[in-house]
file structure31.txt (compact mmCIF, C-alpha atoms)
# COMPACT_ATOMS: atom_id res chain seq x y z
CA MET A 1 223.27 45.50 48.68
CA GLN A 2 224.11 42.95 51.34
CA LYS A 3 225.72 39.57 51.33
CA LYS A 4 223.44 36.79 52.57
CA LYS A 5 224.37 35.37 55.95
CA SER A 6 224.30 31.68 56.81
CA LYS A 7 222.63 30.37 59.96
CA ASN A 8 226.04 29.63 61.46
CA ASP A 9 227.50 33.08 60.86
CA SER A 10 226.61 34.39 64.31
CA LYS A 11 228.24 31.34 65.93
CA ASN A 12 231.46 31.72 63.93
CA LYS A 13 232.03 35.44 64.54
CA THR A 14 235.62 36.39 65.22
CA TRP A 15 236.44 39.43 67.32
CA LEU A 16 239.34 41.74 68.14
CA LYS A 17 240.04 43.82 71.20
CA LEU A 18 240.53 47.46 70.30
CA ASP A 19 244.16 48.51 70.37
CA ASN A 20 245.26 51.02 73.00
CA ALA A 21 245.02 54.04 70.68
CA ALA A 22 241.56 53.05 69.41
CA ASN A 23 239.91 52.71 72.84
CA ILE A 24 239.17 56.41 73.20
CA TYR A 25 237.51 56.97 69.81
CA PRO A 26 234.14 55.21 70.38
CA SER A 27 233.38 57.80 73.06
CA LEU A 28 233.31 60.50 70.32
CA ILE A 29 230.92 58.79 67.92
CA SER A 30 227.59 60.51 67.37
CA ARG A 31 225.19 61.24 64.53
CA ASN A 32 227.08 64.50 63.86
CA PHE A 33 230.68 63.37 64.37
CA THR A 34 232.95 60.38 63.86
CA PRO A 35 236.79 60.47 64.02
CA ASN A 36 237.53 60.00 60.31
CA PHE A 37 240.40 60.68 57.97
CA ARG A 38 240.83 60.23 54.22
CA VAL A 39 243.53 59.02 51.84
CA SER A 40 243.05 59.07 48.08
CA LEU A 41 244.78 58.30 44.81
CA SER A 42 243.86 59.92 41.51
CA LEU A 43 244.25 57.71 38.45
CA SER A 44 245.14 58.59 34.87
CA GLU A 45 241.68 57.49 33.66
CA PRO A 46 238.07 57.68 34.94
CA VAL A 47 237.05 55.18 37.60
CA ASN A 48 234.66 52.36 36.72
CA PRO A 49 232.45 51.97 39.85
CA GLU A 50 231.47 48.35 39.07
CA ILE A 51 235.11 47.29 38.87
CA LEU A 52 235.91 49.30 41.99
CA GLN A 53 233.12 47.46 43.83
CA LYS A 54 234.59 44.12 42.80
CA ALA A 55 238.10 45.21 43.84
CA THR A 56 236.79 46.28 47.25
CA GLU A 57 235.12 42.90 47.80
CA ASN A 58 238.31 41.11 46.73
CA CYS A 59 240.46 43.08 49.19
CA LEU A 60 238.24 42.93 52.25
CA PRO A 61 238.94 39.30 53.36
CA ARG A 62 242.65 40.14 53.56
CA PHE A 63 242.10 43.01 56.04
CA GLU A 64 240.45 41.65 59.17
CA ASN A 65 240.26 45.03 60.91
CA PHE A 66 238.42 46.57 57.94
CA SER A 67 235.96 43.65 57.69
CA SER A 68 234.61 44.34 61.16
CA THR A 69 232.01 46.32 63.06
CA LEU A 70 232.25 48.04 66.44
CA LYS A 71 230.43 46.37 69.34
CA LYS A 72 229.85 47.23 73.00
CA GLY A 73 231.14 44.84 75.62
CA LEU A 74 230.56 44.99 79.35
CA PHE A 75 233.87 46.78 80.01
CA TRP A 76 235.31 47.83 76.61
CA HIS A 77 234.29 48.18 72.99
CA TYR A 78 235.57 45.53 70.59
CA LEU A 79 235.56 44.70 66.86
CA GLU A 80 233.46 41.80 65.57
CA HIS A 81 233.66 40.29 62.08
CA ASN A 82 231.12 41.80 59.68
CA ASP A 83 229.62 39.48 57.04
CA ASN A 84 228.06 42.29 55.02
CA VAL A 85 229.48 43.82 51.83
CA PRO A 86 230.66 47.46 51.75
CA VAL A 87 229.11 49.43 48.89
CA VAL A 88 231.29 51.95 47.05
CA GLU A 89 229.81 55.46 46.90
CA TYR A 90 229.89 58.43 44.55
CA ASP A 91 231.98 61.05 46.32
CA SER A 92 230.41 63.93 48.21
CA HIS A 93 231.22 67.62 47.75
CA PHE A 94 231.94 67.63 51.50
CA PRO A 95 234.07 64.56 52.23
CA MET A 96 234.31 62.74 55.55
CA ARG A 97 230.67 62.87 56.47
CA PRO A 98 230.09 61.00 59.76
CA LEU A 99 230.61 57.26 59.27
CA ILE A 100 227.50 55.92 60.97
CA SER A 101 227.83 52.14 60.77
CA LYS A 102 224.11 51.36 60.60
CA TYR A 103 223.91 53.40 57.37
CA ASN A 104 227.12 51.83 56.04
CA ASN A 105 226.34 48.08 56.29
CA GLY A 106 228.07 48.06 59.66
CA PHE A 107 231.48 49.12 58.34
CA HIS A 108 233.72 51.86 59.70
CA PHE A 109 235.18 52.87 56.37
CA ARG A 110 233.85 53.88 52.98
CA VAL A 111 235.30 53.71 49.49
CA CYS A 112 234.35 56.66 47.28
CA TYR A 113 234.97 57.58 43.65
CA TYR A 114 234.74 60.78 41.63
CA GLU A 115 235.90 61.03 38.02
CA ASN A 116 239.43 59.55 38.23
CA ARG A 117 239.79 59.62 42.04
CA ILE A 118 239.50 56.68 44.45
CA ALA A 119 239.22 57.72 48.10
CA LEU A 120 239.20 55.76 51.32
CA GLU A 121 237.60 57.30 54.40
CA VAL A 122 238.20 55.40 57.62
CA MET A 123 237.59 55.73 61.33
CA HIS A 124 240.52 55.63 63.73
CA VAL A 125 238.92 52.74 65.64
CA ILE A 126 240.29 50.32 63.03
CA THR A 127 243.58 51.76 61.78
CA ASP A 128 245.95 54.71 61.47
CA GLY A 129 247.37 56.44 58.40
CA THR A 130 249.84 53.66 57.63
CA GLY A 131 247.19 50.94 57.73
CA ALA A 132 244.87 53.05 55.59
CA THR A 133 247.50 53.63 52.89
CA TYR A 134 248.18 49.89 52.73
CA PHE A 135 244.47 49.22 52.21
CA LEU A 136 244.08 51.99 49.62
CA CYS A 137 247.17 51.06 47.59
CA THR A 138 246.22 47.36 47.70
CA LEU A 139 242.69 48.30 46.57
CA VAL A 140 243.95 50.43 43.68
CA ALA A 141 246.41 47.69 42.67
CA GLU A 142 243.55 45.17 42.53
CA TYR A 143 241.37 47.66 40.63
CA LEU A 144 244.11 48.11 38.03
CA ARG A 145 244.51 44.33 37.71
CA LEU A 146 240.78 43.97 37.07
CA THR A 147 241.05 46.59 34.30
CA GLY A 148 243.74 44.49 32.60
CA LYS A 149 246.89 46.17 33.92
CA LYS A 150 249.84 43.95 34.88
CA ILE A 151 250.34 44.79 38.54
CA PRO A 152 252.27 42.43 40.86
CA TYR A 153 250.58 41.04 43.95
CA SER A 154 253.50 41.88 46.21
CA GLY A 155 255.69 44.93 46.47
CA PRO A 156 256.19 48.13 48.48
CA GLY A 157 253.05 49.66 49.97
CA ILE A 158 250.64 46.82 49.11
CA ILE A 159 249.46 43.60 50.73
CA ASP A 160 249.55 40.32 48.81
CA LEU A 161 245.92 39.26 48.33
CA LYS A 162 247.02 35.72 47.49
CA ALA A 163 248.90 35.23 50.76
CA LYS A 164 247.26 34.21 54.01
CA PRO A 165 246.91 36.98 56.62
CA SER A 166 249.74 37.06 59.12
CA PRO A 167 248.88 37.21 62.85
CA GLU A 168 251.38 40.09 63.10
CA GLU A 169 249.13 42.23 60.88
CA MET A 170 246.37 42.18 63.49
CA GLU A 171 248.49 42.39 66.64
CA ASP A 172 248.15 45.16 69.20
CA SER A 173 251.74 46.36 68.94
CA PHE A 174 251.29 48.66 71.93
CA ARG A 175 250.92 45.61 74.16
CA LYS A 176 253.76 43.76 72.44
CA TYR A 177 256.43 46.45 72.74
CA THR A 178 255.57 48.40 75.92
CA ARG A 179 258.11 47.66 78.67
CA PHE A 180 256.44 49.40 81.67
CA LYS A 181 259.84 50.35 83.12
CA ALA A 182 259.06 54.08 83.21
CA ARG A 183 256.05 56.32 82.65
CA ARG A 184 256.21 59.88 81.40
CA THR A 185 253.82 62.46 82.75
CA ARG A 186 251.08 63.67 80.41
CA LYS A 187 250.54 66.98 82.20
CA GLU A 188 250.59 69.94 79.84
CA THR A 189 249.31 73.50 79.80
CA SER A 190 246.33 74.53 77.69
CA ALA A 191 247.05 75.87 74.21
CA TYR A 192 245.79 78.67 71.98
CA HIS A 193 242.70 77.90 69.89
CA ILE A 194 241.54 79.94 66.94
CA LYS A 195 237.99 81.28 67.26
CA GLY A 196 235.60 81.38 64.33
CA THR A 197 232.17 80.78 62.83
CA LYS A 198 231.28 77.09 63.01
CA LEU A 199 230.46 75.30 59.79
CA PRO A 200 227.23 73.23 59.77
CA HIS A 201 227.46 69.72 61.24
CA GLY A 202 228.91 67.23 58.80
CA GLU A 203 230.79 69.82 56.73
CA VAL A 204 234.57 70.07 56.54
CA GLY A 205 236.19 73.08 54.92
CA ILE A 206 239.21 71.94 52.92
CA ILE A 207 242.07 73.96 51.44
CA THR A 208 244.89 72.10 49.69
CA GLY A 209 248.19 73.55 48.59
CA ARG A 210 250.11 71.62 45.94
CA VAL A 211 253.85 72.27 46.16
CA PRO A 212 257.04 70.73 44.71
CA VAL A 213 258.66 68.33 47.17
CA ALA A 214 262.13 69.42 46.02
CA ALA A 215 261.42 73.09 46.84
CA VAL A 216 260.18 72.25 50.36
CA LYS A 217 263.12 69.92 50.95
CA GLU A 218 265.61 72.55 49.84
CA LYS A 219 264.08 75.24 52.05
CA ALA A 220 264.01 72.87 55.04
CA LYS A 221 267.67 72.06 54.40
CA GLN A 222 268.53 75.76 54.69
CA PHE A 223 267.26 75.58 58.29
CA ASN A 224 269.03 72.22 58.90
CA ALA A 225 265.55 70.75 59.36
CA THR A 226 263.57 67.83 58.00
CA ILE A 227 260.46 68.47 55.92
CA THR A 228 258.19 67.66 58.88
CA GLU A 229 260.18 69.93 61.22
CA TYR A 230 260.04 72.77 58.71
CA LEU A 231 256.31 72.46 57.96
CA THR A 232 255.53 72.19 61.67
CA ALA A 233 257.46 75.41 62.24
CA VAL A 234 255.48 77.13 59.46
CA LEU A 235 252.24 76.06 61.14
CA VAL A 236 253.40 77.24 64.57
CA TRP A 237 254.50 80.55 63.00
CA SER A 238 251.08 80.98 61.31
CA LEU A 239 249.27 80.34 64.61
CA TYR A 240 251.65 82.74 66.40
CA LEU A 241 250.89 85.54 63.93
CA HIS A 242 247.17 84.79 64.23
CA GLN A 243 247.34 85.09 68.02
CA LYS A 244 249.23 88.39 67.82
CA GLU A 245 246.54 89.83 65.55
CA HIS A 246 243.37 88.35 67.05
CA SER A 247 243.98 87.72 70.76
CA LYS A 248 244.93 89.88 73.72
CA LYS A 249 246.10 86.83 75.68
CA GLU A 250 249.47 85.18 75.16
CA VAL A 251 248.77 81.46 75.35
CA ALA A 252 251.05 78.55 74.49
CA ILE A 253 250.98 77.54 70.82
CA LYS A 254 251.47 73.82 70.35
CA VAL A 255 251.03 71.53 67.36
CA THR A 256 250.51 67.81 67.90
CA ILE A 257 252.32 65.41 65.57
CA PRO A 258 251.55 61.68 65.23
CA ILE A 259 254.71 59.58 65.42
CA ASN A 260 254.63 56.32 63.46
CA LEU A 261 255.99 53.82 65.97
CA ARG A 262 256.78 51.35 63.18
CA ASN A 263 259.87 53.50 62.60
CA HIS A 264 261.08 52.45 66.07
CA TYR A 265 259.83 48.84 66.30
CA PRO A 266 259.71 45.95 63.79
CA SER A 267 255.91 45.96 63.79
CA LYS A 268 253.87 44.80 60.80
CA THR A 269 250.52 45.72 62.31
CA LEU A 270 247.79 47.19 60.10
CA ARG A 271 246.05 48.62 63.15
CA ASN A 272 246.85 51.79 65.10
CA PHE A 273 250.46 52.14 66.18
CA SER A 274 251.15 55.84 66.63
CA LEU A 275 251.78 58.28 69.47
CA PHE A 276 251.52 62.07 69.59
CA ILE A 277 254.08 64.65 70.67
CA ASN A 278 253.41 68.38 70.96
CA PRO A 279 256.15 70.86 69.99
CA GLY A 280 255.43 74.57 70.28
CA ILE A 281 256.33 77.94 71.79
CA GLU A 282 255.36 80.18 74.72
CA PRO A 283 254.54 83.66 73.32
CA LYS A 284 254.56 85.19 76.82
CA TYR A 285 258.33 84.64 76.96
CA GLY A 286 258.75 87.40 74.37
CA ASP A 287 258.70 88.00 70.63
CA TRP A 288 259.61 85.09 68.37
CA ASP A 289 261.08 85.03 64.87
CA PHE A 290 260.78 82.16 62.42
CA ASP A 291 264.36 80.95 62.86
CA GLU A 292 263.82 80.56 66.62
CA ILE A 293 260.62 78.59 66.05
CA VAL A 294 262.31 76.20 63.61
CA SER A 295 265.12 75.65 66.13
CA ASP A 296 262.74 74.99 69.02
CA VAL A 297 260.54 72.62 67.00
CA GLN A 298 263.60 70.79 65.70
CA HIS A 299 265.16 70.27 69.13
CA PHE A 300 261.85 69.25 70.72
CA LEU A 301 261.13 66.65 68.06
CA ARG A 302 264.64 65.22 68.08
CA LEU A 303 264.59 64.90 71.85
CA ASN A 304 261.10 63.43 72.21
CA ASN A 305 261.00 61.25 69.09
CA LYS A 306 263.29 58.68 70.69
CA GLU A 307 262.38 55.08 71.44
CA LYS A 308 263.06 55.37 75.18
CA PHE A 309 260.84 58.43 75.61
CA LEU A 310 258.11 57.03 73.37
CA ASN A 311 258.08 53.74 75.28
CA ALA A 312 257.61 55.66 78.53
CA ASN A 313 254.63 57.40 76.90
CA MET A 314 253.26 54.03 75.79
CA SER A 315 253.66 52.75 79.34
CA ALA A 316 251.57 55.63 80.69
CA ASN A 317 248.80 55.11 78.13
CA LEU A 318 248.63 51.33 78.31
CA GLY A 319 249.05 51.37 82.07
CA ASP A 320 245.66 53.04 82.42
CA GLU A 321 244.00 50.46 80.16
CA ILE A 322 245.30 47.44 82.07
CA ASN A 323 244.82 48.95 85.52
CA PRO A 324 242.56 46.39 87.29
CA PHE A 325 240.43 49.11 88.88
CA ILE A 326 239.85 50.86 85.54
CA ARG A 327 239.21 47.57 83.75
CA ALA A 328 236.49 46.70 86.28
CA VAL A 329 234.52 49.90 85.57
CA PRO A 330 231.49 49.17 83.32
CA LEU A 331 231.61 50.62 79.81
CA PHE A 332 228.63 52.94 80.34
CA LEU A 333 230.63 54.67 83.08
CA LYS A 334 233.95 54.61 81.17
CA THR A 335 232.55 56.21 78.01
CA PRO A 336 231.79 59.72 79.39
CA VAL A 337 235.14 59.73 81.21
CA LEU A 338 237.00 58.80 78.02
CA HIS A 339 235.10 61.53 76.18
CA MET A 340 236.15 64.14 78.75
CA TYR A 341 239.72 62.84 78.62
CA PHE A 342 239.82 63.33 74.82
CA VAL A 343 238.37 66.85 75.06
CA SER A 344 240.87 67.77 77.75
CA GLY A 345 243.66 66.35 75.56
CA GLU A 346 242.66 68.45 72.54
CA ASP A 347 242.69 71.51 74.78
CA LYS A 348 246.46 71.00 75.12
CA TYR A 349 247.34 71.77 71.50
CA SER A 350 246.34 74.34 68.87
CA SER A 351 246.37 72.20 65.74
CA THR A 352 247.60 68.93 64.24
CA ILE A 353 250.05 68.24 61.45
CA SER A 354 250.42 64.71 60.11
CA ASN A 355 252.88 63.85 57.34
CA LEU A 356 252.39 60.48 55.65
CA GLY A 357 255.40 61.12 53.43
CA GLU A 358 255.75 59.57 49.98
CA PHE A 359 253.06 57.05 49.00
CA LYS A 360 254.77 53.71 48.40
CA MET A 361 253.64 51.33 45.66
CA PRO A 362 255.13 48.94 43.07
CA GLU A 363 256.82 50.67 40.14
CA GLU A 364 254.31 49.01 37.78
CA MET A 365 251.49 51.03 39.41
CA LYS A 366 253.05 54.47 39.18
CA PRO A 367 252.32 55.20 35.47
CA TYR A 368 248.59 54.90 36.26
CA ILE A 369 248.62 57.23 39.30
CA GLU A 370 248.56 61.02 38.99
CA ARG A 371 248.44 62.24 42.59
CA ALA A 372 247.99 61.28 46.24
CA ASP A 373 246.12 63.17 48.97
CA PHE A 374 245.64 62.89 52.71
CA ILE A 375 243.00 64.82 54.69
CA LEU A 376 242.22 64.70 58.38
CA GLY A 377 238.54 64.77 59.32
CA ARG A 378 236.64 67.61 60.88
CA PRO A 379 238.37 68.56 64.15
CA TYR A 380 236.44 67.89 67.35
CA ILE A 381 237.67 70.83 69.44
CA MET A 382 240.45 72.41 67.39
CA PRO A 383 239.27 74.57 64.48
CA THR A 384 241.86 73.42 61.94
CA ASN A 385 244.30 70.61 61.21
CA CYS A 386 246.88 69.83 58.54
CA ALA A 387 247.71 66.63 56.63
CA VAL A 388 250.57 66.09 54.19
CA ALA A 389 251.21 63.42 51.55
CA SER A 390 253.51 63.24 48.53
CA PHE A 391 253.66 61.41 45.23
CA ASN A 392 255.81 61.77 42.12
CA GLY A 393 257.54 64.96 43.27
CA ILE A 394 254.40 66.85 44.33
CA MET A 395 253.32 67.37 47.92
CA SER A 396 249.67 67.92 48.89
CA ILE A 397 249.26 69.98 52.07
CA SER A 398 245.58 69.82 53.08
CA PHE A 399 243.89 71.76 55.86
CA GLY A 400 240.58 70.50 57.23
CA ARG A 401 238.63 72.97 59.35
CA SER A 402 235.39 73.29 61.28
CA ILE A 403 235.10 77.09 60.92
CA LYS A 404 234.48 79.40 57.96
CA GLU A 405 237.46 81.66 58.56
CA THR A 406 240.72 80.72 56.77
CA ASP A 407 243.20 83.22 58.26
CA CYS A 408 245.62 80.59 59.56
CA GLU A 409 245.64 78.60 56.33
CA ARG A 410 246.23 81.77 54.27
CA GLU A 411 249.14 82.74 56.50
CA PHE A 412 250.63 79.24 56.20
CA PHE A 413 250.66 79.26 52.40
CA ARG A 414 251.65 82.93 52.27
CA THR A 415 254.72 82.04 54.35
CA LEU A 416 255.69 79.28 51.91
CA ILE A 417 255.29 81.65 48.95
CA LYS A 418 257.38 84.36 50.67
CA MET A 419 260.13 81.78 51.11
CA GLY A 420 260.15 81.05 47.39
CA ILE A 421 258.04 77.86 47.35
CA PRO A 422 255.39 77.91 44.56
CA VAL A 423 251.93 76.92 45.78
CA LYS A 424 248.84 75.96 43.78
CA ILE A 425 245.71 76.37 45.92
CA GLU A 426 242.55 74.21 45.72
CA SER A 427 239.41 74.42 47.89
CA ASN A 428 236.04 72.71 48.26
CA GLN A 429 234.35 76.04 49.02
call {"tool": "encode", "arguments": {"input": "structure31.txt", "output": "structure tokens"}}
result
Amino acid sequence: MQKKKSKNDSKNKTWLKLDNAANIYPSLISRNFTPNFRVSLSLSEPVNPEILQKATENCLPRFENFSSTLKKGLFWHYLEHNDNVPVVEYDSHFPMRPLISKYNNGFHFRVCYYENRIALEVMHVITDGTGATYFLCTLVAEYLRLTGKKIPYSGPGIIDLKAKPSPEEMEDSFRKYTRFKARRTRKETSAYHIKGTKLPHGEVGIITGRVPVAAVKEKAKQFNATITEYLTAVLVWSLYLHQKEHSKKEVAIKVTIPINLRNHYPSKTLRNFSLFINPGIEPKYGDWDFDEIVSDVQHFLRLNNKEKFLNANMSANLGDEINPFIRAVPLFLKTPVLHMYFVSGEDKYSSTISNLGEFKMPEEMKPYIERADFILGRPYIMPTNCAVASFNGIMSISFGRSIKETDCEREFFRTLIKMGIPVKIESNQ
């Protein structure tokens, strides 16, 4: 199903430069892999696919980055406006299949439904977790309106479909806020990686633990930690125990955490605006207990998650992009270098944990929503990653993995249970 194009469409195409964070992701795209992630909301009633299709079409003009397709330029990739119509799909047993644009009407996202669930899968070339949640919540709000529910057009977590797009929503906030006064080094040691039996291409093994937010918050408070600090420590602890049992080498264990830069700058962008920092431990220094790990993670995050340090990181990243010598290198030569750079970056940490926090939406929507979920796509080098989202007092902690073995995930949830946090486990296998 495709929208007809006028003869003047090709002349009136608008385009966007990729933001600094997005530039590396096209180098990873292949038939077997695309850098996807998923956010979803489960409703209190079954989804009507025809109404969902209409809601998707109504939302798309308001999100310029979503209504685009990736193109190759002479020196960099860029996004060009896509006149086609995205077609909603019945959800797959294995979510986050590669998002190949030529099989998806040129789009780099898909909207899926299954029973009462609406899911958005999106490539990192167009947005990050914050931008994706705005699109999903706006889509669900429009869907509910079309089913006769009285949902406001403006409010927390949604974009007003009646308002004109703001230029700030499509800005590259990296370029806007980077000062270039100092650059932090990106040199790091390699990290421990779990070994295992690879799942077939296109499959992602998913295990989700559903836990009460209040129980996690209370346990984190006992360690004087935030929820993210506490959960990161649990993941580091699980990887540490895995290394002690399965590896003779003592290698650094590090977990990378995306930092939402909108918490440090007044950005309204719906594109990527995140940086990563990598807390962890060095097992070769000696034996570690959980309290020590929480303390180290906490101090590392509180030191490095500061605007001054993050801006120095931004300066290092953006400095490479605007370097005149690098800019002059043709894209066909840049692409393999960017691919190697990404692989070498993933070698520096053992896993990822990303916490979207509480899903925000107007109060009028909440009675029609049962749960929220967030899942990172199949890891490229790392065997497992972790994504966290909360709604209505329940937290979903979802692991996505590229191997069959689930030792690390079992240890993670076992640790929560030992600490008195009830966990309900779900899996797609």
call {"tool": "closest_residue", "arguments": {"input": "structure31.txt", "among": "A:Leu270, A:Ile159, A:Ile293, A:Leu41", "to": "Ser173 in chain A", "atoms": "all atoms listed in the file"}}
result
A:Leu270
call {"tool": "atom_distance", "arguments": {"input": "structure31.txt", "atom1": "CA of Phe412 in chain A", "atom2": "CA of Ser350 in chain A"}}
result
14.2 Å
call {"tool": "closest_residue", "arguments": {"input": "structure31.txt", "among": "A:Ser247, A:Thr69, A:Thr256, A:Asn323", "to": "Pro26 in chain A", "atoms": "only C-alpha atoms"}}
result
A:Thr69
call {"tool": "residues_around", "arguments": {"input": "structure31.txt", "residues": "Val111 in chain A", "least_positions_apart": "5", "cutoff": "6 Å", "atoms": "all atoms listed in the file", "output": "short mmCIF file (atom, residue, chain, number, x, y, z; two decimals) with C-alpha atoms, in the coordinates of the input"}}
result
data_model
loop_
_atom_site.label_atom_id
_atom_site.label_comp_id
_atom_site.auth_asym_id
_atom_site.auth_seq_id
_atom_site.Cartn_x
_atom_site.Cartn_y
_atom_site.Cartn_z
CA VAL A 88 231.29 51.95 47.05
CA ALA A 119 239.22 57.72 48.10
CA LEU A 120 239.20 55.76 51.32
#
call {"tool": "closest_residue", "arguments": {"input": "structure31.txt", "among": "A:Asp373, A:Glu171, A:Glu321, A:Glu346", "to": "Glu121 in chain A", "atoms": "all atoms listed in the file"}}
result
A:Asp373
call {"tool": "atom_distance", "arguments": {"input": "structure31.txt", "atom1": "CA of Thr406 in chain A", "atom2": "CA of Gly209 in chain A"}}
result
13.2 Å
call {"tool": "atom_distance", "arguments": {"input": "structure31.txt", "atom1": "CA of Thr138 in chain A", "atom2": "CA of Glu370 in chain A"}}
result
16.4 Å
call {"tool": "closest_atom_pairs", "arguments": {"input": "structure31.txt", "of": "range 5-89 of chain A", "to": "range 329-341 of chain A", "cutoff": "10 Å", "atoms": "only C-alpha atoms", "output": "CSV"}}
result
residue,atom,partner,partner_atom,distance
A:Asn23,CA,A:Leu338,CA,8.5
A:Ile24,CA,A:Leu338,CA,5.8
A:Tyr25,CA,A:His339,CA,8.2
A:Pro26,CA,A:Thr335,CA,7.9
A:Ser27,CA,A:His339,CA,5.2
A:Leu28,CA,A:His339,CA,6.2
A:Ile29,CA,A:His339,CA,9.7
A:Lys72,CA,A:Leu331,CA,7.8
A:Gly73,CA,A:Leu331,CA,7.2
A:Leu74,CA,A:Leu331,CA,5.7
A:Phe75,CA,A:Leu331,CA,4.5
A:Trp76,CA,A:Leu331,CA,5.6
A:His77,CA,A:Leu331,CA,7.7
call {"tool": "residues_around", "arguments": {"input": "structure31.txt", "residues": "Pro165 in chain A", "least_positions_apart": "2", "cutoff": "12 Å", "atoms": "all atoms listed in the file", "output": "ChimeraX atom specification"}}
result
/A:59-65,159-163,167-171,268-270
call {"tool": "residues_around", "arguments": {"input": "structure31.txt", "residues": "Asn317 in chain A", "least_positions_apart": "6", "cutoff": "9 Å", "atoms": "only C-alpha atoms", "output": "list in words"}}
result
Asn20, Ala21 and Arg183 of chain A
call {"tool": "write_last_selection", "arguments": {"input": "structure31.txt", "atoms": "C-alpha atoms", "output": "mmCIF file, keeping the file's coordinate frame"}}
result
data_model
loop_
_atom_site.group_PDB
_atom_site.id
_atom_site.type_symbol
_atom_site.label_atom_id
_atom_site.label_comp_id
_atom_site.auth_asym_id
_atom_site.auth_seq_id
_atom_site.Cartn_x
_atom_site.Cartn_y
_atom_site.Cartn_z
ATOM 1 C CA ASN A 20 245.260 51.020 73.000
ATOM 2 C CA ALA A 21 245.020 54.040 70.680
ATOM 3 C CA ARG A 183 256.050 56.320 82.650
#
call {"tool": "residues_around", "arguments": {"input": "structure31.txt", "residues": "Tyr114 in chain A", "least_positions_apart": "2", "cutoff": "12 Å", "atoms": "all atoms listed in the file", "output": "list of chain:residue names"}}
result
A:Ser40, A:Leu41, A:Ser42, A:Leu43, A:Glu45, A:Pro46, A:Val47, A:Asn48, A:Pro49, A:Leu52, A:Val88, A:Glu89, A:Tyr90, A:Asp91, A:Ser92, A:His93, A:Pro95, A:Val111, A:Cys112, A:Asn116, A:Arg117, A:Ile118, A:Ala119, A:Leu120
call {"tool": "closest_residue", "arguments": {"input": "structure31.txt", "among": "A:Ala220, A:Ile253, A:Ile375, A:Leu241", "to": "Ser354 in chain A", "atoms": "only C-alpha atoms"}}
result
A:Ile375
call {"tool": "closest_residue", "arguments": {"input": "structure31.txt", "among": "A:Gly357, A:Pro422, A:Gly131, A:Gly377", "to": "Ser267 in chain A", "atoms": "only C-alpha atoms"}}
result
A:Gly131
call {"tool": "closest_residue", "arguments": {"input": "structure31.txt", "among": "A:Ile421, A:Ile281, A:Ile369, A:Met382", "to": "Phe342 in chain A", "atoms": "all atoms listed in the file"}}
result
A:Met382
call {"tool": "residues_near_point", "arguments": {"input": "structure31.txt", "point": "(260.2, 62.9, 54.1)", "cutoff": "12 Å", "atoms": "only C-alpha atoms", "output": "PyMOL selection string"}}
result
chain A and resi 213-214+216-218+220-221+225-231+354-359+388-391+393+395
call {"tool": "residues_around", "arguments": {"input": "structure31.txt", "residues": "Tyr177 in chain A", "least_positions_apart": "6", "cutoff": "9 Å", "atoms": "only C-alpha atoms", "output": "ChimeraX atom specification"}}
result
/A:265,267,311,314
call {"tool": "write_last_selection", "arguments": {"input": "structure31.txt", "atoms": "C-alpha atoms", "output": "mmCIF file, keeping the file's coordinate frame"}}
result
data_model
loop_
_atom_site.group_PDB
_atom_site.id
_atom_site.type_symbol
_atom_site.label_atom_id
_atom_site.label_comp_id
_atom_site.auth_asym_id
_atom_site.auth_seq_id
_atom_site.Cartn_x
_atom_site.Cartn_y
_atom_site.Cartn_z
ATOM 1 C CA TYR A 265 259.830 48.840 66.300
ATOM 2 C CA SER A 267 255.910 45.960 63.790
ATOM 3 C CA ASN A 311 258.080 53.740 75.280
ATOM 4 C CA MET A 314 253.260 54.030 75.790
#
call {"tool": "axis_aligned_box", "arguments": {"input": "structure31.txt", "around": "range 391-396 of chain A", "padding_each_side": "6 Å", "output": "lines of an AutoDock Vina configuration file"}}
result
center_x = 253.6
center_y = 64.7
center_z = 45.5
size_x = 19.9
size_y = 18.5
size_z = 18.8
